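Visitor: Handing you this structure, nothing more for now.
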Amino acid sequence: MAAKGHLGGLFHDVGQHTLGGATEVPGGDWLLGLQPPGVPTPADALRRALLVALLAPSSHNTQPWRLRLRGAVVDVLADRSRRLVVVDPRDRELVMSCGALVGHLVLALANLGFEAAVALLPDPSQPDLLATVTVGRARAADADERVLFDQITRRHTNRRRFELRPVPPVVLDGLVADAGRAGCWLHVVRPGERHDLAGLVAAGDVIQAADPAFGVELGSWVDASRARSLDGMVPGVHGAPAKPGDGDAARLWWWRTFEAADGRAARGAAVVLDSPALVVLGAAEDDVASWLHCGMVLSTLLLRARSAGVWASFLNQAVEVPGIRRRLAEVIRAPGPPQLLLRLGYGADPGPTSRRPLAEVLVAP
């Protein structure tokens with residue numbers, strides 16, 4: 001059966017049925033196959049592209065965006081009702097999530113045959129208005145855009161155990177180049193930095209787990225009921241262990257664990273030491289515009305990695321605790337503030353997470 005809110009929800013939105021009940025389809029051209037004969041209008045292309053943009057990653061799968069659709073123009077707005085007050089008090093991760101949606105949207109429009117004009121933070125009087133995307137002139141997607149688009153339905157966060165084989169340097173070099181071209185930076189963690197980084201991740205775990213508010217916030221987004229709400233995370237998926245019994249509810253370390261070699265839980269520090277590759281994404285500044293740019297770059301990096309068969313997941317303890325984030329920058333000699341820490345590797349497909357339908361995130365013009 002197709003995952004609710006994922007491909008099933010997308011096909012429902014355009015009045016089609018799933019392909020044989022599959023949870024995935026052979027490639028990104030599934031969207032093009034849903035087009036009616038002839039060239040789509042800019043407004044039709046934008047609406048279809050938004051269905052794909054909704055597959056962008058977000059912290060705890062909060063999907064913290066609202067979309068204001070005006071013909072061939074869409075405003076991407078922050079949905080502050082979905083903010084993570086404890087782990088993301090500045091809304092840094094929220095803004096990056098919206099930036100990733102913009103990145104997915106521009107890529108989808110290209111594959112539907114249109115350029116996209118993106119204006120970031122177009123109106124200072126509207127702080128929730130993070131971006132405006134306008135469908136531009138018709139043009140064909142290039143080969144690279146087609147490759148990346150083909151991965152959108154194949155990209156999921158993967159907390160499962162990765163294989164021991166390393167990620168080839170050519171793949172990592174390509175990710176570094178992608179980030180640099182977009183005005184951000186990507187640092188590939190060196191062997192000599194791993195032990196320090198493992199200690200930082202472990203310290204972040206301890207600090208966050210000791211905060212009762214952290215446990216309450218995390219528990220509100222990671223719960224079995226999220227299978228019905230089409231957002232948040234369901235315990236026991238993506239390689240994370242199942243949620244403990246009610247008696248252990250205050251100890252929510254379980255969600256910050258990964259599948260180990262024996263199928264049991266592995267703590268973050270062990271994951272740092274065992275991951276085939278670790279990368280840190282950052283920008284020169286630490287403001288809203290930089291966060292948006294990093295989110296758009298994240299969209300590209302995750303899809304580029306998947307095109308090479310590489311999975312990714314997040315180790316954000318090291319960037320969510322301010323003192324540890326500063327120490328992380330020192331350990332890797334970062335040229336600017338670190339924004340995300342990613343583990344990369346090869347392994348089994350964890351399957352998709354749910355997404356809310358487009359109608360649920362649209363707001364009136």
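Just remember, in the structure tokens the first chain shown is A, the second B, etc., residues are 1-based per chain, and ligands are 1-based in the order shown.
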May I have the residues within 12 Å of A:Asn316 as a PyMOL selection string, using only C-alpha atoms and disregarding those fewer than 3 positions away in the same chain?

Guide: chain A and resi 59-60+87-88+92-93+197+200-205+208+256+268+272+279-281+313+319-322+324-325+328+338-343

Visitor: Keeping only N, CA and C atoms, take the residues you just selected and write them out as a CSV table (one decimal), in the first residue's frame.

Guide:
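Printed below is part_29.csv as written:
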```csv
chain,number,residue,atom,x,y,z
A,59,SER,N,12.7,19.3,10.2
A,59,SER,CA,13.1,18.7,11.6
A,59,SER,C,11.9,18.1,12.2
A,60,HIS,N,12.0,16.8,12.7
A,60,HIS,CA,10.9,16.0,13.3
A,60,HIS,C,9.8,15.9,12.3
A,87,VAL,N,14.4,23.0,21.1
A,87,VAL,CA,15.6,22.7,20.3
A,87,VAL,C,15.9,23.8,19.2
A,88,ASP,N,14.9,24.6,18.9
A,88,ASP,CA,15.1,25.5,17.8
A,88,ASP,C,14.5,26.9,18.2
A,92,ARG,N,15.8,28.5,13.5
A,92,ARG,CA,16.9,28.3,12.5
A,92,ARG,C,16.6,27.1,11.6
A,93,GLU,N,16.2,25.9,12.3
A,93,GLU,CA,15.9,24.7,11.5
A,93,GLU,C,14.6,24.9,10.8
A,197,LEU,N,34.4,15.1,17.8
A,197,LEU,CA,33.0,15.2,17.3
A,197,LEU,C,32.1,14.3,18.1
A,200,LEU,N,31.3,15.7,21.4
A,200,LEU,CA,30.4,16.8,21.3
A,200,LEU,C,29.0,16.3,21.2
A,201,VAL,N,28.8,15.3,20.3
A,201,VAL,CA,27.4,14.7,20.1
A,201,VAL,C,26.9,14.1,21.4
A,202,ALA,N,27.8,13.4,22.1
A,202,ALA,CA,27.4,12.7,23.3
A,202,ALA,C,27.1,13.8,24.4
A,203,ALA,N,27.8,14.8,24.4
A,203,ALA,CA,27.5,15.9,25.4
A,203,ALA,C,26.2,16.6,25.1
A,204,GLY,N,25.9,16.8,23.8
A,204,GLY,CA,24.6,17.3,23.4
A,204,GLY,C,23.5,16.4,23.8
A,205,ASP,N,23.7,15.1,23.6
A,205,ASP,CA,22.7,14.2,24.1
A,205,ASP,C,22.4,14.3,25.6
A,208,GLN,N,20.5,17.7,26.4
A,208,GLN,CA,19.1,17.7,25.9
A,208,GLN,C,18.3,16.7,26.7
A,256,ARG,N,17.0,9.6,19.8
A,256,ARG,CA,18.3,10.0,19.4
A,256,ARG,C,19.3,8.9,19.2
A,268,GLY,N,24.5,8.2,19.9
A,268,GLY,CA,25.0,9.1,18.9
A,268,GLY,C,26.5,9.1,18.8
A,272,VAL,N,28.8,8.4,15.4
A,272,VAL,CA,29.8,9.3,14.8
A,272,VAL,C,31.0,8.5,14.4
A,279,VAL,N,29.5,15.0,7.4
A,279,VAL,CA,29.7,16.3,6.8
A,279,VAL,C,29.0,17.4,7.6
A,280,VAL,N,29.6,18.6,7.6
A,280,VAL,CA,28.9,19.7,8.3
A,280,VAL,C,28.6,20.8,7.3
A,281,LEU,N,27.4,21.2,7.3
A,281,LEU,CA,26.9,22.3,6.4
A,281,LEU,C,26.8,23.6,7.1
A,313,SER,N,21.3,11.1,7.3
A,313,SER,CA,20.5,11.4,8.4
A,313,SER,C,21.2,12.4,9.2
A,319,VAL,N,24.6,20.9,16.9
A,319,VAL,CA,24.3,22.3,16.5
A,319,VAL,C,23.1,22.9,17.2
A,320,GLU,N,22.4,22.2,18.0
A,320,GLU,CA,21.2,22.7,18.7
A,320,GLU,C,21.6,23.2,20.1
A,321,VAL,N,22.7,22.8,20.7
A,321,VAL,CA,23.2,23.3,22.0
A,321,VAL,C,24.2,24.4,21.7
A,322,PRO,N,23.9,25.6,22.0
A,322,PRO,CA,24.8,26.7,21.6
A,322,PRO,C,26.3,26.5,21.9
A,324,ILE,N,28.0,23.8,22.5
A,324,ILE,CA,28.6,22.7,21.7
A,324,ILE,C,28.7,23.1,20.3
A,325,ARG,N,27.8,23.9,19.8
A,325,ARG,CA,27.9,24.4,18.4
A,325,ARG,C,29.1,25.2,18.2
A,328,LEU,N,32.0,22.9,18.1
A,328,LEU,CA,32.1,22.2,16.8
A,328,LEU,C,32.8,23.0,15.8
A,338,PRO,N,28.3,26.6,11.9
A,338,PRO,CA,27.8,25.3,11.4
A,338,PRO,C,26.3,25.3,11.6
A,339,GLN,N,25.6,24.7,10.6
A,339,GLN,CA,24.1,24.7,10.6
A,339,GLN,C,23.6,23.3,10.7
A,340,LEU,N,24.2,22.3,10.1
A,340,LEU,CA,23.7,20.9,10.2
A,340,LEU,C,24.9,20.0,10.2
A,341,LEU,N,24.7,18.8,10.9
A,341,LEU,CA,25.7,17.7,10.9
A,341,LEU,C,25.0,16.5,10.3
A,342,LEU,N,25.5,16.0,9.2
A,342,LEU,CA,24.9,14.8,8.5
A,342,LEU,C,25.8,13.6,8.5
A,343,ARG,N,25.2,12.4,8.7
A,343,ARG,CA,26.0,11.2,8.5
A,343,ARG,C,25.5,10.6,7.1
```

Visitor: Give me, as a list in words, all polymer residues having an atom no more than 9 Å from A:Trp65, counting only C-alpha atoms and skipping those fewer than 2 positions away in the same chain.

Guide: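 Here the qualifying residues turn out to be Thr62, Gln63, Leu67, Val76, Leu77, Ala78, Asp79, Arg80, Arg82, Leu94, Val95, Ser97, Cys98, Leu101 and Val361 of chain A.
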
Visitor: Could you save the residues just selected, with all heavy atoms, as an mmCIF file, in the first residue's frame?

Guide:
```
data_model
loop_
_atom_site.group_PDB
_atom_site.id
_atom_site.type_symbol
_atom_site.label_atom_id
_atom_site.label_comp_id
_atom_site.auth_asym_id
_atom_site.auth_seq_id
_atom_site.Cartn_x
_atom_site.Cartn_y
_atom_site.Cartn_z
ATOM 1 N N THR A 62 8.110 18.191 10.943
ATOM 2 C CA THR A 62 7.101 19.160 11.371
ATOM 3 C C THR A 62 6.398 19.824 10.192
ATOM 4 O O THR A 62 5.303 20.363 10.350
ATOM 5 C CB THR A 62 7.746 20.260 12.228
ATOM 6 O OG1 THR A 62 8.893 20.775 11.539
ATOM 7 C CG2 THR A 62 8.169 19.723 13.589
ATOM 8 N N GLN A 63 7.056 19.826 9.011
ATOM 9 C CA GLN A 63 6.476 20.459 7.822
ATOM 10 C C GLN A 63 6.022 21.895 8.164
ATOM 11 O O GLN A 63 4.845 22.241 8.012
ATOM 12 C CB GLN A 63 5.323 19.627 7.283
ATOM 13 C CG GLN A 63 5.715 18.191 6.948
ATOM 14 C CD GLN A 63 4.535 17.293 6.661
ATOM 15 O OE1 GLN A 63 3.638 17.659 5.892
ATOM 16 N NE2 GLN A 63 4.515 16.106 7.267
ATOM 17 N N LEU A 67 1.675 27.872 2.374
ATOM 18 C CA LEU A 67 1.847 28.296 0.986
ATOM 19 C C LEU A 67 0.670 29.168 0.571
ATOM 20 O O LEU A 67 -0.484 28.787 0.734
ATOM 21 C CB LEU A 67 1.936 27.069 0.067
ATOM 22 C CG LEU A 67 3.050 26.072 0.408
ATOM 23 C CD1 LEU A 67 2.911 24.814 -0.431
ATOM 24 C CD2 LEU A 67 4.423 26.703 0.207
ATOM 25 N N VAL A 76 6.039 31.439 0.176
ATOM 26 C CA VAL A 76 6.385 30.404 1.162
ATOM 27 C C VAL A 76 6.512 31.092 2.509
ATOM 28 O O VAL A 76 7.370 31.954 2.706
ATOM 29 C CB VAL A 76 7.696 29.694 0.782
ATOM 30 C CG1 VAL A 76 8.063 28.656 1.845
ATOM 31 C CG2 VAL A 76 7.574 29.052 -0.596
ATOM 32 N N LEU A 77 5.636 30.720 3.436
ATOM 33 C CA LEU A 77 5.573 31.359 4.739
ATOM 34 C C LEU A 77 5.946 30.378 5.846
ATOM 35 O O LEU A 77 5.632 29.186 5.769
ATOM 36 C CB LEU A 77 4.169 31.905 5.005
ATOM 37 C CG LEU A 77 3.628 32.905 3.975
ATOM 38 C CD1 LEU A 77 2.511 32.265 3.183
ATOM 39 C CD2 LEU A 77 3.141 34.167 4.651
ATOM 40 N N ALA A 78 6.603 30.884 6.872
ATOM 41 C CA ALA A 78 6.904 30.076 8.050
ATOM 42 C C ALA A 78 5.624 29.838 8.830
ATOM 43 O O ALA A 78 4.842 30.763 9.054
ATOM 44 C CB ALA A 78 7.920 30.795 8.923
ATOM 45 N N ASP A 79 5.417 28.601 9.230
ATOM 46 C CA ASP A 79 4.278 28.265 10.086
ATOM 47 C C ASP A 79 4.807 28.162 11.514
ATOM 48 O O ASP A 79 5.286 27.122 11.949
ATOM 49 C CB ASP A 79 3.647 26.942 9.638
ATOM 50 C CG ASP A 79 2.376 26.614 10.404
ATOM 51 O OD1 ASP A 79 2.119 27.278 11.441
ATOM 52 O OD2 ASP A 79 1.636 25.699 9.989
ATOM 53 N N ARG A 80 4.745 29.275 12.235
ATOM 54 C CA ARG A 80 5.330 29.331 13.585
ATOM 55 C C ARG A 80 4.571 28.449 14.580
ATOM 56 O O ARG A 80 5.098 28.155 15.657
ATOM 57 C CB ARG A 80 5.339 30.771 14.099
ATOM 58 C CG ARG A 80 5.933 31.794 13.133
ATOM 59 C CD ARG A 80 7.426 31.746 13.046
ATOM 60 N NE ARG A 80 7.916 32.770 12.111
ATOM 61 C CZ ARG A 80 9.165 32.954 11.777
ATOM 62 N NH1 ARG A 80 10.103 32.183 12.302
ATOM 63 N NH2 ARG A 80 9.526 33.896 10.899
ATOM 64 N N ARG A 82 4.226 25.487 14.273
ATOM 65 C CA ARG A 82 4.913 24.207 14.229
ATOM 66 C C ARG A 82 6.371 24.327 14.657
ATOM 67 O O ARG A 82 7.167 23.423 14.422
ATOM 68 C CB ARG A 82 4.826 23.624 12.811
ATOM 69 C CG ARG A 82 3.407 23.270 12.446
ATOM 70 C CD ARG A 82 3.234 22.800 11.008
ATOM 71 N NE ARG A 82 1.942 22.148 10.920
ATOM 72 C CZ ARG A 82 1.737 20.843 11.053
ATOM 73 N NH1 ARG A 82 2.765 20.035 11.216
ATOM 74 N NH2 ARG A 82 0.527 20.343 11.024
ATOM 75 N N LEU A 94 13.661 25.590 11.388
ATOM 76 C CA LEU A 94 12.390 25.835 10.702
ATOM 77 C C LEU A 94 12.624 26.549 9.374
ATOM 78 O O LEU A 94 12.068 26.162 8.333
ATOM 79 C CB LEU A 94 11.479 26.660 11.614
ATOM 80 C CG LEU A 94 10.066 27.000 11.113
ATOM 81 C CD1 LEU A 94 9.127 27.177 12.305
ATOM 82 C CD2 LEU A 94 10.045 28.264 10.260
ATOM 83 N N VAL A 95 13.446 27.589 9.402
ATOM 84 C CA VAL A 95 13.722 28.351 8.181
ATOM 85 C C VAL A 95 14.465 27.485 7.167
ATOM 86 O O VAL A 95 14.170 27.533 5.963
ATOM 87 C CB VAL A 95 14.521 29.623 8.524
ATOM 88 C CG1 VAL A 95 15.016 30.306 7.244
ATOM 89 C CG2 VAL A 95 13.658 30.588 9.330
ATOM 90 N N SER A 97 14.211 24.310 6.805
ATOM 91 C CA SER A 97 13.221 23.396 6.231
ATOM 92 C C SER A 97 12.452 24.076 5.110
ATOM 93 O O SER A 97 12.224 23.486 4.043
ATOM 94 C CB SER A 97 12.253 22.922 7.319
ATOM 95 O OG SER A 97 12.923 22.209 8.338
ATOM 96 N N CYS A 98 12.051 25.319 5.323
ATOM 97 C CA CYS A 98 11.350 26.062 4.271
ATOM 98 C C CYS A 98 12.262 26.318 3.080
ATOM 99 O O CYS A 98 11.817 26.297 1.927
ATOM 100 C CB CYS A 98 10.809 27.374 4.831
ATOM 101 S SG CYS A 98 9.479 27.175 6.050
ATOM 102 N N LEU A 101 12.245 23.271 0.972
ATOM 103 C CA LEU A 101 11.034 23.223 0.154
ATOM 104 C C LEU A 101 11.196 24.087 -1.096
ATOM 105 O O LEU A 101 10.807 23.682 -2.198
ATOM 106 C CB LEU A 101 9.831 23.677 0.975
ATOM 107 C CG LEU A 101 8.474 23.673 0.250
ATOM 108 C CD1 LEU A 101 7.362 23.221 1.191
ATOM 109 C CD2 LEU A 101 8.141 25.054 -0.317
ATOM 110 N N VAL A 361 -1.946 22.815 3.579
ATOM 111 C CA VAL A 361 -0.929 23.855 3.849
ATOM 112 C C VAL A 361 -1.187 25.136 3.069
ATOM 113 O O VAL A 361 -0.483 26.117 3.263
ATOM 114 C CB VAL A 361 0.484 23.325 3.536
ATOM 115 C CG1 VAL A 361 0.789 22.113 4.391
ATOM 116 C CG2 VAL A 361 0.657 22.999 2.067
#
```

Visitor: To one decimal place in Å, what is the distance between atom CA of A:Arg83 and atom CA of A:Trp221?

Guide: 10.9 Å

Visitor: Could you list, as a PyMOL selection string, every residue within 12 Å of stretch 115-131 of chain A, counting only C-alpha atoms and ignoring same-chain residues fewer than 6 positions away?

Guide: chain A and resi 42+45-46+49+64-68+72-81+91+94-109+137-142+145+287-293+295-296

Visitor: Those selected residues, please, written with N, CA and C atoms and delivered as a compact mmCIF listing (two decimals), in the first residue's frame.

Guide:
```txt
# COMPACT_ATOMS: atom_id res chain seq x y z
N PRO A 42 1.59 28.05 -16.71
CA PRO A 42 2.45 28.29 -15.55
C PRO A 42 1.75 28.00 -14.22
N ALA A 45 1.53 24.23 -13.76
CA ALA A 45 2.85 23.68 -13.45
C ALA A 45 3.24 23.96 -12.01
N LEU A 46 2.93 25.16 -11.53
CA LEU A 46 3.28 25.51 -10.16
C LEU A 46 2.55 24.63 -9.17
N ALA A 49 4.13 21.26 -9.21
CA ALA A 49 5.46 21.30 -8.60
C ALA A 49 5.37 21.38 -7.08
N PRO A 64 6.97 22.75 8.60
CA PRO A 64 6.61 24.05 9.17
C PRO A 64 6.43 25.15 8.14
N TRP A 65 5.62 24.88 7.13
CA TRP A 65 5.42 25.86 6.07
C TRP A 65 3.94 26.04 5.77
N ARG A 66 3.65 27.22 5.25
CA ARG A 66 2.34 27.52 4.66
C ARG A 66 2.60 28.10 3.28
N LEU A 67 1.68 27.87 2.37
CA LEU A 67 1.85 28.30 0.99
C LEU A 67 0.67 29.17 0.57
N ARG A 68 0.99 30.34 0.04
CA ARG A 68 -0.04 31.27 -0.44
C ARG A 68 0.08 31.32 -1.96
N ALA A 72 0.43 32.01 -10.88
CA ALA A 72 1.76 31.47 -11.16
C ALA A 72 2.80 31.95 -10.16
N VAL A 73 2.34 32.40 -9.00
CA VAL A 73 3.22 32.89 -7.94
C VAL A 73 2.83 32.19 -6.64
N VAL A 74 3.83 31.82 -5.84
CA VAL A 74 3.54 31.25 -4.52
C VAL A 74 4.44 31.91 -3.48
N ASP A 75 3.83 32.27 -2.37
CA ASP A 75 4.58 32.76 -1.22
C ASP A 75 4.81 31.59 -0.27
N VAL A 76 6.04 31.44 0.18
CA VAL A 76 6.38 30.40 1.16
C VAL A 76 6.51 31.09 2.51
N LEU A 77 5.64 30.72 3.44
CA LEU A 77 5.57 31.36 4.74
C LEU A 77 5.95 30.38 5.85
N ALA A 78 6.60 30.88 6.87
CA ALA A 78 6.90 30.08 8.05
C ALA A 78 5.62 29.84 8.83
N ASP A 79 5.42 28.60 9.23
CA ASP A 79 4.28 28.27 10.09
C ASP A 79 4.81 28.16 11.51
N ARG A 80 4.75 29.27 12.24
CA ARG A 80 5.33 29.33 13.59
C ARG A 80 4.57 28.45 14.58
N SER A 81 3.36 28.03 14.24
CA SER A 81 2.63 27.14 15.14
C SER A 81 3.30 25.77 15.21
N ASP A 91 14.26 29.50 15.49
CA ASP A 91 13.61 29.04 14.25
C ASP A 91 14.61 28.83 13.12
N LEU A 94 13.66 25.59 11.39
CA LEU A 94 12.39 25.83 10.70
C LEU A 94 12.62 26.55 9.37
N VAL A 95 13.45 27.59 9.40
CA VAL A 95 13.72 28.35 8.18
C VAL A 95 14.46 27.49 7.17
N MET A 96 15.42 26.68 7.63
CA MET A 96 16.12 25.80 6.70
C MET A 96 15.18 24.79 6.05
N SER A 97 14.21 24.31 6.81
CA SER A 97 13.22 23.40 6.23
C SER A 97 12.45 24.08 5.11
N CYS A 98 12.05 25.32 5.32
CA CYS A 98 11.35 26.06 4.27
C CYS A 98 12.26 26.32 3.08
N GLY A 99 13.54 26.55 3.34
CA GLY A 99 14.49 26.70 2.24
C GLY A 99 14.61 25.44 1.42
N ALA A 100 14.59 24.26 2.09
CA ALA A 100 14.64 22.99 1.35
C ALA A 100 13.40 22.83 0.48
N LEU A 101 12.24 23.27 0.97
CA LEU A 101 11.03 23.22 0.15
C LEU A 101 11.20 24.09 -1.10
N VAL A 102 11.77 25.28 -0.93
CA VAL A 102 12.01 26.15 -2.10
C VAL A 102 12.94 25.46 -3.09
N GLY A 103 13.99 24.81 -2.59
CA GLY A 103 14.90 24.10 -3.49
C GLY A 103 14.20 23.01 -4.27
N HIS A 104 13.38 22.22 -3.59
CA HIS A 104 12.61 21.17 -4.28
C HIS A 104 11.66 21.78 -5.31
N LEU A 105 11.05 22.90 -4.95
CA LEU A 105 10.08 23.54 -5.84
C LEU A 105 10.74 24.02 -7.13
N VAL A 106 11.88 24.68 -7.01
CA VAL A 106 12.58 25.18 -8.20
C VAL A 106 12.97 24.01 -9.11
N LEU A 107 13.44 22.93 -8.52
CA LEU A 107 13.83 21.75 -9.29
C LEU A 107 12.63 21.13 -9.99
N ALA A 108 11.51 21.03 -9.31
CA ALA A 108 10.31 20.45 -9.91
C ALA A 108 9.81 21.31 -11.06
N LEU A 109 9.84 22.62 -10.90
CA LEU A 109 9.40 23.51 -11.99
C LEU A 109 10.30 23.34 -13.20
N ARG A 137 9.91 31.92 -17.63
CA ARG A 137 9.74 31.52 -19.02
C ARG A 137 9.92 30.01 -19.16
N ALA A 138 9.40 29.50 -20.26
CA ALA A 138 9.54 28.07 -20.55
C ALA A 138 10.99 27.75 -20.91
N ARG A 139 11.47 26.62 -20.44
CA ARG A 139 12.79 26.14 -20.82
C ARG A 139 12.91 24.68 -20.37
N ALA A 140 13.75 23.93 -21.06
CA ALA A 140 13.91 22.51 -20.78
C ALA A 140 14.88 22.31 -19.62
N ALA A 141 14.60 21.32 -18.79
CA ALA A 141 15.51 20.97 -17.71
C ALA A 141 16.80 20.39 -18.29
N ASP A 142 17.93 20.69 -17.65
CA ASP A 142 19.18 20.10 -18.13
C ASP A 142 19.35 18.71 -17.52
N GLU A 145 19.57 18.52 -13.65
CA GLU A 145 18.27 18.74 -13.00
C GLU A 145 17.38 17.51 -13.11
N ASP A 287 22.19 34.22 9.98
CA ASP A 287 20.95 35.00 9.94
C ASP A 287 19.92 34.27 9.09
N VAL A 288 18.73 34.84 8.98
CA VAL A 288 17.63 34.18 8.29
C VAL A 288 17.96 33.92 6.83
N ALA A 289 18.56 34.88 6.16
CA ALA A 289 18.93 34.70 4.75
C ALA A 289 19.90 33.54 4.59
N SER A 290 20.88 33.43 5.49
CA SER A 290 21.84 32.32 5.43
C SER A 290 21.16 30.99 5.67
N TRP A 291 20.21 30.96 6.61
CA TRP A 291 19.50 29.71 6.89
C TRP A 291 18.69 29.26 5.67
N LEU A 292 18.06 30.23 5.01
CA LEU A 292 17.31 29.88 3.80
C LEU A 292 18.23 29.31 2.73
N HIS A 293 19.38 29.95 2.52
CA HIS A 293 20.33 29.45 1.54
C HIS A 293 20.80 28.04 1.90
N GLY A 295 19.17 25.82 3.57
CA GLY A 295 18.08 24.91 3.30
C GLY A 295 17.97 24.55 1.83
N MET A 296 18.15 25.54 0.96
CA MET A 296 18.11 25.26 -0.47
C MET A 296 19.28 24.37 -0.88
```

Visitor: Counting only C-alpha atoms, figure out which residue out of A:Leu54, A:Val310, A:Tyr346, A:Val297 gets nearest to A:Ala177.

Guide: A:Val297
